[in-house]
>>> print(open('start.cif').read())   # mmCIF, C-alpha atoms and all ligand atoms
data_target
#
loop_
_atom_site.label_atom_id
_atom_site.label_comp_id
_atom_site.auth_asym_id
_atom_site.auth_seq_id
_atom_site.Cartn_x
_atom_site.Cartn_y
_atom_site.Cartn_z
CA MET Q 1 0.00 0.00 0.00
CA SER Q 2 1.28 3.43 -0.86
CA THR Q 3 0.44 6.59 1.02
CA LYS Q 4 -0.78 9.75 -0.66
CA VAL Q 5 0.90 12.97 0.48
CA PRO Q 6 -1.02 16.08 -0.57
CA ILE Q 7 1.21 18.97 -1.63
CA VAL Q 8 -0.51 21.59 -3.84
CA GLU Q 9 2.43 23.80 -4.76
CA ASN Q 10 3.42 25.52 -7.96
CA VAL Q 11 5.48 23.18 -10.12
CA LEU Q 12 8.12 25.91 -10.46
CA LYS Q 13 8.14 26.85 -6.77
CA LEU Q 14 11.93 26.54 -6.48
CA ASN Q 15 12.40 28.92 -9.40
CA ASP Q 16 9.85 31.29 -7.83
CA GLU Q 17 11.84 31.36 -4.60
CA LEU Q 18 15.01 32.38 -6.45
CA ALA Q 19 13.01 34.94 -8.43
CA LEU Q 20 11.87 36.48 -5.17
CA GLN Q 21 15.51 36.88 -4.11
CA ASN Q 22 16.28 38.57 -7.44
CA ARG Q 23 13.34 40.88 -6.90
CA GLU Q 24 14.66 41.86 -3.46
CA LEU Q 25 18.03 42.73 -5.01
CA PHE Q 26 16.30 44.89 -7.64
CA GLN Q 27 14.29 46.63 -4.95
CA ARG Q 28 17.31 47.28 -2.80
CA SER Q 29 19.25 48.81 -5.72
CA GLY Q 30 16.27 50.79 -7.00
CA VAL Q 31 16.47 49.03 -10.36
CA PHE Q 32 13.38 48.69 -12.49
CA ALA Q 33 13.61 45.23 -14.07
CA VAL Q 34 11.70 43.98 -17.08
CA ASP Q 35 11.53 40.61 -18.82
CA LEU Q 36 11.27 41.07 -22.59
CA ILE Q 37 9.70 38.04 -24.25
CA GLY Q 38 9.12 37.58 -27.96
CA ALA Q 39 9.58 35.19 -30.87
CA PRO Q 40 12.98 34.81 -32.57
CA GLY Q 41 13.46 37.82 -34.81
CA ALA Q 42 10.64 39.95 -33.38
CA GLY Q 43 13.14 42.76 -32.97
CA LYS Q 44 13.95 42.53 -29.28
CA THR Q 45 17.64 43.33 -29.67
CA ALA Q 46 16.88 45.99 -32.29
CA LEU Q 47 14.52 47.64 -29.79
CA LEU Q 48 17.21 47.55 -27.11
CA GLU Q 49 19.83 49.06 -29.46
CA PHE Q 50 17.38 51.86 -30.20
CA THR Q 51 16.58 52.28 -26.50
CA LEU Q 52 20.21 52.42 -25.38
CA ARG Q 53 20.93 54.98 -28.12
CA GLN Q 54 17.96 57.18 -27.32
CA LEU Q 55 18.21 57.11 -23.54
CA LYS Q 56 22.00 57.24 -23.28
CA ASP Q 57 21.97 60.54 -21.40
CA VAL Q 58 18.67 59.99 -19.58
CA ILE Q 59 18.86 56.73 -17.64
CA ASN Q 60 21.41 53.98 -17.05
CA ILE Q 61 20.27 50.76 -18.61
CA GLY Q 62 21.78 47.32 -18.17
CA VAL Q 63 20.87 44.32 -20.30
CA ILE Q 64 21.01 40.58 -19.70
CA VAL Q 65 20.50 38.88 -23.03
CA GLY Q 66 19.77 35.18 -23.39
CA ASP Q 67 20.38 33.21 -26.57
CA PRO Q 68 20.92 29.48 -27.17
CA ALA Q 69 24.31 30.25 -28.74
CA THR Q 70 26.67 33.05 -29.79
CA SER Q 71 27.38 36.45 -28.28
CA ARG Q 72 26.03 38.30 -31.33
CA ASP Q 73 23.25 40.11 -29.51
CA GLY Q 74 25.56 40.93 -26.62
CA ASP Q 75 28.13 42.33 -29.08
CA ARG Q 76 25.47 44.44 -30.81
CA LEU Q 77 24.42 45.95 -27.49
CA ALA Q 78 27.94 46.41 -26.13
CA LYS Q 79 28.40 49.22 -28.66
CA TYR Q 80 26.00 51.33 -26.61
CA SER Q 81 26.52 50.30 -23.00
CA ARG Q 82 29.09 48.60 -20.82
CA HIS Q 83 26.40 47.03 -18.65
CA ILE Q 84 25.70 44.07 -20.94
CA VAL Q 85 25.78 40.39 -19.99
CA GLN Q 86 25.27 37.68 -22.59
CA VAL Q 87 23.94 34.34 -21.34
CA ASN Q 88 24.06 31.22 -23.52
CA THR Q 89 21.41 28.66 -22.66
CA GLY Q 90 22.52 25.84 -25.00
CA SER Q 91 19.49 23.65 -25.56
CA GLY Q 92 17.58 25.60 -22.90
CA CYS Q 93 14.66 27.45 -24.39
CA HIS Q 94 14.25 30.10 -21.70
CA LEU Q 95 16.08 31.94 -18.94
CA ASP Q 96 15.38 30.90 -15.36
CA ALA Q 97 15.80 32.85 -12.14
CA ASN Q 98 19.07 31.12 -11.32
CA GLN Q 99 20.69 32.04 -14.65
CA VAL Q 100 19.56 35.61 -14.21
CA ARG Q 101 20.97 35.69 -10.69
CA HIS Q 102 24.39 34.60 -11.98
CA ALA Q 103 24.25 37.20 -14.74
CA MET Q 104 23.26 39.87 -12.19
CA ASP Q 105 26.45 39.12 -10.28
CA LYS Q 106 28.38 40.42 -13.30
CA LEU Q 107 26.58 43.75 -13.21
CA LYS Q 108 26.84 46.68 -10.85
CA LEU Q 109 23.16 47.00 -10.03
CA ALA Q 110 23.79 50.13 -7.99
CA ASP Q 111 24.87 51.91 -11.20
CA LEU Q 112 21.65 51.08 -13.02
CA ASP Q 113 18.17 52.56 -13.20
CA VAL Q 114 16.78 49.87 -15.46
CA LEU Q 115 17.64 46.26 -16.16
CA ILE Q 116 16.16 44.74 -19.29
CA ILE Q 117 16.30 40.98 -19.60
CA GLU Q 118 16.01 39.93 -23.23
CA ASN Q 119 14.73 36.38 -22.94
CA VAL Q 120 15.50 33.60 -25.40
CA GLY Q 121 13.42 34.05 -28.57
CA ASN Q 122 10.39 31.91 -27.73
CA LEU Q 123 6.75 32.70 -27.02
CA ILE Q 124 6.02 29.74 -24.75
CA CYS Q 125 8.57 28.57 -22.20
CA PRO Q 126 9.92 31.90 -20.93
CA VAL Q 127 6.44 32.90 -19.80
CA SER Q 128 6.25 30.26 -17.07
CA PHE Q 129 9.58 31.16 -15.46
CA ASN Q 130 9.46 34.12 -13.13
CA LEU Q 131 12.80 35.96 -13.06
CA GLY Q 132 12.00 38.48 -10.35
CA GLN Q 133 11.14 41.22 -12.85
CA HIS Q 134 8.73 44.04 -12.07
CA CYS Q 135 7.11 43.87 -15.48
CA LYS Q 136 6.77 41.29 -18.19
CA ILE Q 137 6.69 42.54 -21.77
CA GLY Q 138 5.26 40.50 -24.61
CA MET Q 139 6.63 41.50 -28.01
CA PHE Q 140 5.09 40.47 -31.31
CA SER Q 141 5.90 41.65 -34.81
CA VAL Q 142 3.84 42.10 -37.95
CA SER Q 143 5.84 39.59 -39.99
CA GLU Q 144 4.88 36.78 -37.57
CA GLY Q 145 1.22 37.01 -38.58
CA ASP Q 146 -1.88 38.46 -36.92
CA ASP Q 147 -2.80 35.25 -35.08
CA LYS Q 148 0.15 35.09 -32.70
CA ALA Q 149 -1.51 36.82 -29.74
CA ALA Q 150 -4.45 34.40 -29.91
CA LYS Q 151 -2.13 31.41 -30.19
CA HIS Q 152 -0.04 32.43 -27.19
CA PRO Q 153 -2.56 33.31 -24.50
CA ASN Q 154 -0.16 32.75 -21.62
CA LEU Q 155 2.11 35.56 -22.76
CA VAL Q 156 -0.79 37.90 -23.50
CA VAL Q 157 -2.47 37.28 -20.15
CA SER Q 158 0.65 37.62 -18.04
CA ALA Q 159 2.16 40.65 -19.81
CA ASP Q 160 2.11 44.10 -18.22
CA LEU Q 161 2.89 45.65 -21.59
CA LEU Q 162 2.43 44.37 -25.12
CA ILE Q 163 4.39 45.56 -28.13
CA LEU Q 164 3.66 45.05 -31.80
CA ASN Q 165 6.82 45.80 -33.80
CA LYS Q 166 7.53 46.18 -37.53
CA MET Q 167 4.49 48.38 -38.15
CA ASP Q 168 6.38 49.62 -41.23
CA LEU Q 169 5.60 46.24 -42.85
CA ILE Q 170 1.81 46.65 -42.60
CA PRO Q 171 1.50 47.83 -46.24
CA TYR Q 172 3.38 44.78 -47.54
CA ILE Q 173 2.04 41.89 -45.47
CA PRO Q 174 -1.54 40.71 -45.04
CA PHE Q 175 -2.02 41.51 -41.35
CA ASP Q 176 -5.44 42.16 -39.85
CA LEU Q 177 -4.56 44.79 -37.26
CA ALA Q 178 -8.12 45.06 -35.93
CA ARG Q 179 -8.17 41.29 -35.40
CA PHE Q 180 -4.84 41.36 -33.58
CA ARG Q 181 -5.99 44.19 -31.32
CA GLN Q 182 -9.22 42.35 -30.58
CA ASP Q 183 -7.37 39.15 -29.63
CA VAL Q 184 -5.23 41.12 -27.20
CA GLU Q 185 -8.26 42.90 -25.71
CA HIS Q 186 -10.13 39.63 -25.34
CA LEU Q 187 -7.62 38.35 -22.79
CA ASN Q 188 -5.94 41.42 -21.39
CA ARG Q 189 -7.44 44.87 -21.36
CA ALA Q 190 -5.14 46.17 -18.63
CA ALA Q 191 -1.86 46.00 -20.55
CA PRO Q 192 -1.22 48.83 -23.02
CA LEU Q 193 -0.51 47.73 -26.61
CA LEU Q 194 2.26 49.80 -28.21
CA GLU Q 195 2.50 49.68 -32.00
CA ILE Q 196 6.01 50.59 -33.05
CA SER Q 197 8.56 50.39 -35.82
CA VAL Q 198 12.12 50.15 -34.62
CA VAL Q 199 13.70 50.50 -38.08
CA ARG Q 200 11.78 53.74 -38.60
CA ASN Q 201 12.76 54.94 -35.10
CA GLN Q 202 9.07 55.13 -34.26
CA ALA Q 203 8.92 53.94 -30.68
CA ALA Q 204 8.39 57.08 -28.61
CA SER Q 205 5.52 55.45 -26.69
CA TRP Q 206 7.92 52.75 -25.52
CA LEU Q 207 10.58 55.23 -24.39
CA ASP Q 208 7.91 57.16 -22.48
CA TRP Q 209 6.60 54.03 -20.80
CA LEU Q 210 10.09 52.89 -19.80
CA THR Q 211 11.31 56.21 -18.43
CA ALA Q 212 8.06 56.75 -16.53
CA ARG Q 213 8.24 53.33 -14.89
CA ALA Q 214 11.94 53.72 -14.11
CA GLY Q 215 11.18 57.06 -12.48
CA GLN Q 216 8.45 55.53 -10.33
CA GLN Q 217 10.82 52.82 -9.17
CA LYS Q 218 13.44 55.39 -8.21
CA SER Q 219 11.00 57.47 -6.22
CA PHE Q 220 9.71 54.37 -4.42
CA ARG Q 221 13.24 53.64 -3.40
CA LYS Q 222 13.86 57.22 -2.27
CA ALA Q 223 10.63 57.14 -0.27
CA GLY Q 224 11.82 53.85 1.21
CA LYS Q 225 15.18 55.39 2.14
CA HIS Q 226 13.52 58.39 3.76
CA LYS Q 227 11.37 56.04 5.76
CA GLU Q 228 14.40 54.00 6.82
CA LYS Q 229 16.16 57.19 7.92
CA ALA Q 230 13.08 58.38 9.78
CA VAL Q 231 12.81 55.05 11.55
CA ALA Q 232 16.51 55.13 12.39
CA ARG Q 233 16.10 58.68 13.77
CA SER Q 234 13.07 57.77 15.82
CA GLN Q 235 14.93 54.80 17.26
CA ARG Q 236 17.87 56.93 18.30
CA MET D 1 12.78 21.16 -24.17
CA HIS D 2 10.20 22.87 -22.07
CA GLU D 3 8.99 19.58 -20.62
CA VAL D 4 12.50 18.48 -19.62
CA SER D 5 13.09 21.55 -17.52
CA ILE D 6 9.62 21.22 -16.00
CA ALA D 7 10.35 17.58 -15.10
CA GLU D 8 13.64 18.58 -13.49
CA SER D 9 11.95 21.33 -11.50
CA LEU D 10 9.30 18.86 -10.38
CA ILE D 11 11.91 16.41 -9.18
CA ALA D 12 13.66 19.07 -7.13
CA LEU D 13 10.34 20.06 -5.58
CA ILE D 14 9.37 16.45 -4.84
CA ARG D 15 12.73 15.80 -3.16
CA ARG D 16 11.84 18.50 -0.70
CA HIS D 17 8.62 16.72 0.23
CA LEU D 18 9.64 13.07 0.03
CA PRO D 19 9.62 11.65 3.58
CA ALA D 20 12.79 9.90 4.72
CA HIS D 21 13.04 6.20 3.81
CA GLN D 22 10.16 6.48 1.39
CA ARG D 23 10.18 5.67 -2.27
CA LEU D 24 8.25 7.68 -4.85
CA VAL D 25 5.55 5.64 -6.52
CA GLN D 26 3.63 8.35 -8.30
CA ALA D 27 3.35 12.11 -8.62
CA THR D 28 0.20 13.91 -9.72
CA VAL D 29 0.38 17.28 -11.42
CA ARG D 30 -2.40 19.51 -12.68
CA ILE D 31 -1.38 21.54 -15.73
CA GLY D 32 -3.85 23.69 -17.62
CA PRO D 33 -3.66 24.28 -21.39
CA MET D 34 -2.26 27.77 -20.70
CA HIS D 35 1.19 26.32 -20.20
CA GLY D 36 1.48 24.59 -23.55
CA ILE D 37 2.53 21.29 -22.01
CA VAL D 38 2.03 18.20 -24.17
CA PRO D 39 1.28 15.23 -21.85
CA GLU D 40 3.09 12.79 -24.18
CA ALA D 41 6.20 14.95 -24.14
CA MET D 42 5.90 15.31 -20.38
CA GLU D 43 5.86 11.49 -20.18
CA MET D 44 9.10 11.20 -22.12
CA ALA D 45 10.69 13.90 -20.03
CA TRP D 46 9.57 12.31 -16.76
CA ASN D 47 10.90 8.87 -17.74
CA ILE D 48 14.33 10.28 -18.41
CA ALA D 49 14.53 12.75 -15.54
CA SER D 50 13.02 10.44 -12.90
CA ALA D 51 15.36 7.59 -13.84
CA ASP D 52 18.28 10.03 -13.47
CA ALA D 53 16.91 10.95 -10.06
CA GLY D 54 16.90 7.30 -8.99
CA TRP D 55 13.13 6.96 -9.20
CA LYS D 56 13.00 4.60 -12.13
CA GLY D 57 9.53 3.13 -12.45
CA SER D 58 7.72 5.99 -10.79
CA ARG D 59 4.67 7.32 -12.58
CA LEU D 60 3.60 10.82 -13.42
CA ILE D 61 -0.10 11.52 -13.66
CA VAL D 62 -0.79 14.64 -15.70
CA MET D 63 -4.25 16.03 -15.09
CA THR D 64 -5.28 18.49 -17.79
CA PRO D 65 -8.15 20.66 -16.59
CA PRO D 66 -10.10 22.52 -19.28
CA TRP D 67 -10.23 26.22 -20.05
CA ARG D 68 -12.89 28.01 -18.02
CA LEU D 69 -13.80 31.57 -18.94
CA ARG D 70 -16.09 34.18 -17.48
CA CYS D 71 -17.55 36.91 -19.63
CA VAL D 72 -16.95 40.26 -17.93
CA VAL D 73 -20.03 41.76 -19.55
CA CYS D 74 -22.83 39.23 -18.92
CA GLY D 75 -21.11 37.09 -16.31
CA ARG D 76 -21.61 33.81 -18.14
CA CYS D 77 -19.11 31.07 -17.28
CA TRP D 78 -18.28 28.40 -19.79
CA GLU D 79 -15.66 25.92 -20.97
CA PRO D 80 -14.51 26.91 -24.45
CA VAL D 81 -12.62 24.60 -26.80
CA THR D 82 -10.03 27.29 -27.35
CA VAL D 83 -9.32 30.36 -25.28
CA ASP D 84 -10.02 32.84 -28.09
CA GLU D 85 -13.71 31.93 -28.08
CA HIS D 86 -15.99 34.92 -27.53
CA CYS D 87 -19.06 34.89 -25.30
CA VAL D 88 -22.42 34.24 -26.96
CA CYS D 89 -23.46 37.74 -25.85
CA GLY D 90 -20.92 39.13 -28.31
CA ALA D 91 -18.64 40.66 -25.69
CA ALA D 92 -14.95 40.33 -26.45
CA HIS D 93 -13.41 40.41 -23.03
CA VAL D 94 -13.09 37.51 -20.62
CA GLU D 95 -11.60 36.59 -17.31
CA ILE D 96 -9.76 33.28 -17.07
CA LEU D 97 -11.14 31.10 -14.28
CA GLY D 98 -9.41 27.87 -15.20
CA GLY D 99 -6.84 26.51 -17.59
CA ASP D 100 -3.85 28.25 -16.04
CA GLU D 101 -3.23 25.60 -13.35
CA PHE D 102 0.38 24.58 -12.89
CA GLN D 103 0.74 22.66 -9.68
CA LEU D 104 2.04 19.55 -8.04
CA ASP D 105 -1.09 18.13 -6.38
CA SER D 106 0.25 15.15 -4.47
CA ILE D 107 2.81 12.38 -4.33
CA ASP D 108 2.26 8.72 -3.55
CA VAL D 109 5.03 7.18 -1.51
CA HIS D 110 5.88 3.73 -0.28
CA SER D 111 8.08 2.69 2.57
CA ALA D 112 11.38 1.68 1.00
CA ALA D 113 12.24 -0.71 3.84
CA LYS D 114 8.92 -2.56 3.88
CA HIS D 115 9.08 -2.90 0.13
CA ARG D 116 12.43 -4.60 0.27
CA ARG D 117 11.21 -7.07 2.91
CA ARG D 118 8.18 -8.01 0.88
CA ASN D 119 10.25 -8.53 -2.22
CA THR D 120 12.62 -10.73 -0.34
CA ALA D 121 9.73 -12.83 0.88
CA ARG D 122 8.26 -13.17 -2.56
CA HIS D 123 11.37 -13.75 -4.61
CA GLY D 124 13.59 -15.11 -1.91
CA ARG D 125 16.23 -12.45 -2.63
CA GLY D 126 16.61 -8.70 -2.42
CA ARG D 127 16.00 -7.99 -6.08
CA PRO D 128 14.00 -4.81 -6.50
CA ARG D 129 10.64 -5.30 -8.10
CA THR D 130 10.21 -3.63 -11.43
CA PHE D 131 7.39 -1.24 -11.89
CA THR D 132 5.71 -0.13 -15.05
CA ARG D 133 7.57 2.80 -16.42
CA GLY D 134 5.73 5.59 -17.95
CA VAL D 135 3.00 8.01 -17.44
CA ALA D 136 -0.71 7.80 -17.36
CA HIS D 137 -2.53 10.88 -18.35
CA GLU D 138 -6.04 11.52 -17.39
CA HIS D 139 -7.36 14.06 -19.81
CA GLN D 140 -10.28 15.72 -18.15
CA SER D 141 -11.99 16.48 -21.40
CA SER D 142 -13.58 19.84 -21.82
CA HIS D 143 -17.16 18.72 -22.25
CA ARG D 144 -19.39 21.59 -23.13
N1 LIG Q 301 10.97 45.80 -41.06
C1 LIG Q 301 11.40 45.82 -39.79
N2 LIG Q 301 12.39 45.01 -39.43
C2 LIG Q 301 12.80 45.06 -38.15
C3 LIG Q 301 12.23 45.94 -37.19
N3 LIG Q 301 12.85 45.75 -36.01
C4 LIG Q 301 13.75 44.79 -36.22
N4 LIG Q 301 13.75 44.37 -37.50
C5 LIG Q 301 14.61 43.34 -38.10
O1 LIG Q 301 14.23 42.06 -37.62
C6 LIG Q 301 15.38 41.21 -37.59
C7 LIG Q 301 15.51 40.56 -36.23
O2 LIG Q 301 15.79 41.55 -35.25
P1 LIG Q 301 16.48 41.22 -33.87
O3 LIG Q 301 16.53 42.49 -33.10
O4 LIG Q 301 17.74 40.48 -34.04
O5 LIG Q 301 15.38 40.23 -33.26
P2 LIG Q 301 15.38 39.48 -31.84
O6 LIG Q 301 13.98 39.49 -31.39
O7 LIG Q 301 16.39 40.06 -30.95
O8 LIG Q 301 15.79 37.99 -32.26
P3 LIG Q 301 16.42 36.82 -31.35
O9 LIG Q 301 17.34 37.43 -30.36
O10 LIG Q 301 17.10 35.94 -32.31
O11 LIG Q 301 15.25 36.14 -30.68
C8 LIG Q 301 16.56 42.08 -37.94
O12 LIG Q 301 16.89 41.85 -39.27
C9 LIG Q 301 16.05 43.48 -37.72
O13 LIG Q 301 16.69 44.42 -38.52
C10 LIG Q 301 11.19 46.83 -37.65
O14 LIG Q 301 10.64 47.64 -36.91
N5 LIG Q 301 10.81 46.69 -38.95
MG MG Q 302 17.94 39.23 -29.88
ZN ZN Q 303 -21.25 37.52 -22.25
#
>>> encode(input="start.cif", output="structure tokens", more="lines below")
Ligand SMILES: Nc1nc2c(ncn2[C@@H]2O[C@H](COP(=O)(O)OP(=O)(O)OP(=O)(O)O)[C@@H](O)[C@H]2O)c(=O)[nH]1
Ligand SMILES: [Mg+2]
Ligand SMILES: [Zn+2]
Amino acid sequence: MSTKVPIVENVLKLNDELALQNRELFQRSGVFAVDLIGAPGAGKTALLEFTLRQLKDVINIGVIVGDPATSRDGDRLAKYSRHIVQVNTGSGCHLDANQVRHAMDKLKLADLDVLIIENVGNLICPVSFNLGQHCKIGMFSVSEGDDKAAKHPNLVVSADLLILNKMDLIPYIPFDLARFRQDVEHLNRAAPLLEISVVRNQAASWLDWLTARAGQQKSFRKAGKHKEKAVARSQR
Amino acid sequence: MHEVSIAESLIALIRRHLPAHQRLVQATVRIGPMHGIVPEAMEMAWNIASADAGWKGSRLIVMTPPWRLRCVVCGRCWEPVTVDEHCVCGAAHVEILGGDEFQLDSIDVHSAAKHRRRNTARHGRGRPRTFTRGVAHEHQSSHR
């Protein structure tokens, strides 16, 4: 006779625990951390190149970029920032909290306002693995087809922000934009949908979103510090 | 590849709960369609990963609960075939009530010591009994 032991815990609980530690480190350093998830070739690295270029004198951005192989994305980004860490996952199809933790050790978090984690190009697996990020971003692109939001509900539901890139291709590719928007709305009305074109440098909405959120994170931290000081004073 | 890393995560989690001197017989997980897990692939992954963990012969039961949606306009709850299904009222916004499950429900364990004794009695030597390898999946079909 065997005995049944009830458990009822998230399958990825161990990853979640590490993610929580990552989150605490982000909080402590006042870093706003995002997990950027999208299919291979959606334009994730292109968006980050653009972002690093545009915000060079505004905020300090670090990037952890995951790819199965090569340091090509890392090399592309290193032209714009010295806070870049390339992670190779081999046959792994996503980044997990532990890999991110190791990559974080190579960065000076205290020097950063924002940490962007470019996940391995994949619309499925990365979604299940919490990395400790504040926000999850789901990135699609026009050339992937208008059905991708509907086919990947997990990403759409769990995203805090959704991006549709390569809007410049709309005239050349059959893509039902109304349908795509409706699929997104069906599952997630809370997350803004930003329609951008990185090659045309049309992504102001994204820069606004990022700087606003980074600013909020900084002021939370300052408020936290003030509170700590006040507590310390009152305890004196 | 997804399933392999899920199986490895499961094994690490089960280790934490496995009582001392007990052998894992079976683990039951509940994974909704949200997570894109294919039960057959999960079976392959479990066979490999559990054998590596020293639990050869243990079974993984994958329960696959159906999608359950609630229309935010009329409040109707239903089980759609696919998650992009709109409500009959025409509204195009839903809340997900079910289908996003991703949990280890329970484990079935067996006293390792007792097992060895019984085997000895039956076979007259301490040869471990072989168990069926593999996975059973109980698809809870989404009847509408
Ligand atoms: N037409 C068009 N092409 C774009 C746009 N943004 C990026 N691309 C192109 O899309 C291709 C892939 O871009 P990447 O930035 O490497 O894509 P990625 O998402 O980082 O890809 P992986 O890291 O391999 O997952 C490149 O050839 C880019 O030049 C855009 O707005 N419009
Ligand atoms: Mg890239
Ligand atoms: Zn309705």
>>> closest_residue(input="start.cif", among="D:Met63, D:Ala92, D:Ala7, D:Ile48", to="chain Q", atoms="all atoms listed in the file")
D:Ala92
>>> closest_residue(input="start.cif", among="D:Arg59, D:Arg30, D:His21, D:His2", to="chain Q", atoms="only C-alpha atoms")
D:His2
>>> closest_atom_pairs(input="start.cif", of="chain D", to="ligand ZN 303 (chain Q)", cutoff="12 Å", atoms="all atoms listed in the file", output="CSV")
residue,atom,partner,partner_atom,distance
D:Leu69,CA,Q:ZN303,ZN,10.1
D:Arg70,CA,Q:ZN303,ZN,7.8
D:Cys71,CA,Q:ZN303,ZN,4.6
D:Val72,CA,Q:ZN303,ZN,6.7
D:Val73,CA,Q:ZN303,ZN,5.2
D:Cys74,CA,Q:ZN303,ZN,4.1
D:Gly75,CA,Q:ZN303,ZN,6.0
D:Arg76,CA,Q:ZN303,ZN,5.5
D:Cys77,CA,Q:ZN303,ZN,8.4
D:Trp78,CA,Q:ZN303,ZN,9.9
D:Glu85,CA,Q:ZN303,ZN,11.0
D:His86,CA,Q:ZN303,ZN,7.9
D:Cys87,CA,Q:ZN303,ZN,4.6
D:Val88,CA,Q:ZN303,ZN,5.9
D:Cys89,CA,Q:ZN303,ZN,4.2
D:Gly90,CA,Q:ZN303,ZN,6.3
D:Ala91,CA,Q:ZN303,ZN,5.3
D:Ala92,CA,Q:ZN303,ZN,8.1
D:His93,CA,Q:ZN303,ZN,8.4
D:Val94,CA,Q:ZN303,ZN,8.3
D:Glu95,CA,Q:ZN303,ZN,10.9
>>> atom_distance(input="start.cif", atom1="atom CA of Q:Leu25", atom2="atom CA of Q:Met104")
9.3 Å
>>> interface_residues(input="start.cif", of="chain Q", to="chain D", cutoff="12 Å", atoms="all atoms listed in the file", output="PyMOL selection string")
chain Q and resi 1-17+89-96+122-129+147-158+179-190
>>> residues_near_point(input="start.cif", point="(17.5, 50.8, -32.8)", cutoff="7 Å", atoms="all atoms listed in the file", output="ChimeraX atom specification")
/Q:46-51,198-199,201
>>> write_last_selection(input="start.cif", atoms="C-alpha atoms", output="compact mmCIF listing (two decimals), keeping the file's coordinate frame")
# COMPACT_ATOMS: atom_id res chain seq x y z
CA ALA Q 46 16.88 45.99 -32.29
CA LEU Q 47 14.52 47.64 -29.79
CA LEU Q 48 17.21 47.55 -27.11
CA GLU Q 49 19.83 49.06 -29.46
CA PHE Q 50 17.38 51.86 -30.20
CA THR Q 51 16.58 52.28 -26.50
CA VAL Q 198 12.12 50.15 -34.62
CA VAL Q 199 13.70 50.50 -38.08
CA ASN Q 201 12.76 54.94 -35.10
>>> residues_near_ligand(input="start.cif", ligand="ligand LIG 301 (chain Q)", cutoff="6 Å", atoms="all atoms listed in the file", output="list in words")
Ala39, Pro40, Gly41, Ala42, Gly43, Lys44, Thr45, Ala46, Val120, Gly121, Asn165, Lys166, Asp168, Leu169, Ser197, Val198 and Val199 of chain Q
>>> residues_around(input="start.cif", residues="stretch 54-56 of chain Q", least_positions_apart="5", cutoff="9 Å", atoms="only C-alpha atoms", output="number ranges by chain")
Q: 49, 61, 80-81, 207, 211
>>> atom_distance(input="start.cif", atom1="atom CA of Q:Leu18", atom2="atom CA of Q:Arg82")
25.8 Å
>>> closest_residue(input="start.cif", among="Q:Asn60, Q:Ser29, Q:Asn98, Q:Asn119", to="ligand MG 302 (chain Q)", atoms="only C-alpha atoms and all ligand atoms")
Q:Asn119
>>> closest_residue(input="start.cif", among="Q:Arg72, Q:Arg213, Q:His83, Q:Lys218", to="ligand MG 302 (chain Q)", atoms="only C-alpha atoms and all ligand atoms")
Q:Arg72
>>> closest_residue(input="start.cif", among="Q:Val100, Q:Ile173, Q:Ile163, Q:Leu77", to="ligand MG 302 (chain Q)", atoms="all atoms listed in the file")
Q:Leu77
>>> atom_distance(input="start.cif", atom1="atom CA of Q:Gly132", atom2="atom CA of Q:Lys106")
16.8 Å
>>> residues_around(input="start.cif", residues="Q:Asp73", least_positions_apart="5", cutoff="9 Å", atoms="all atoms listed in the file", output="PyMOL selection string")
chain Q and resi 45+65-67+78+86
>>> closest_residue(input="start.cif", among="Q:Gly74, Q:Gly62, Q:Pro171, Q:Gly30", to="ligand MG 302 (chain Q)", atoms="all atoms listed in the file")
Q:Gly74
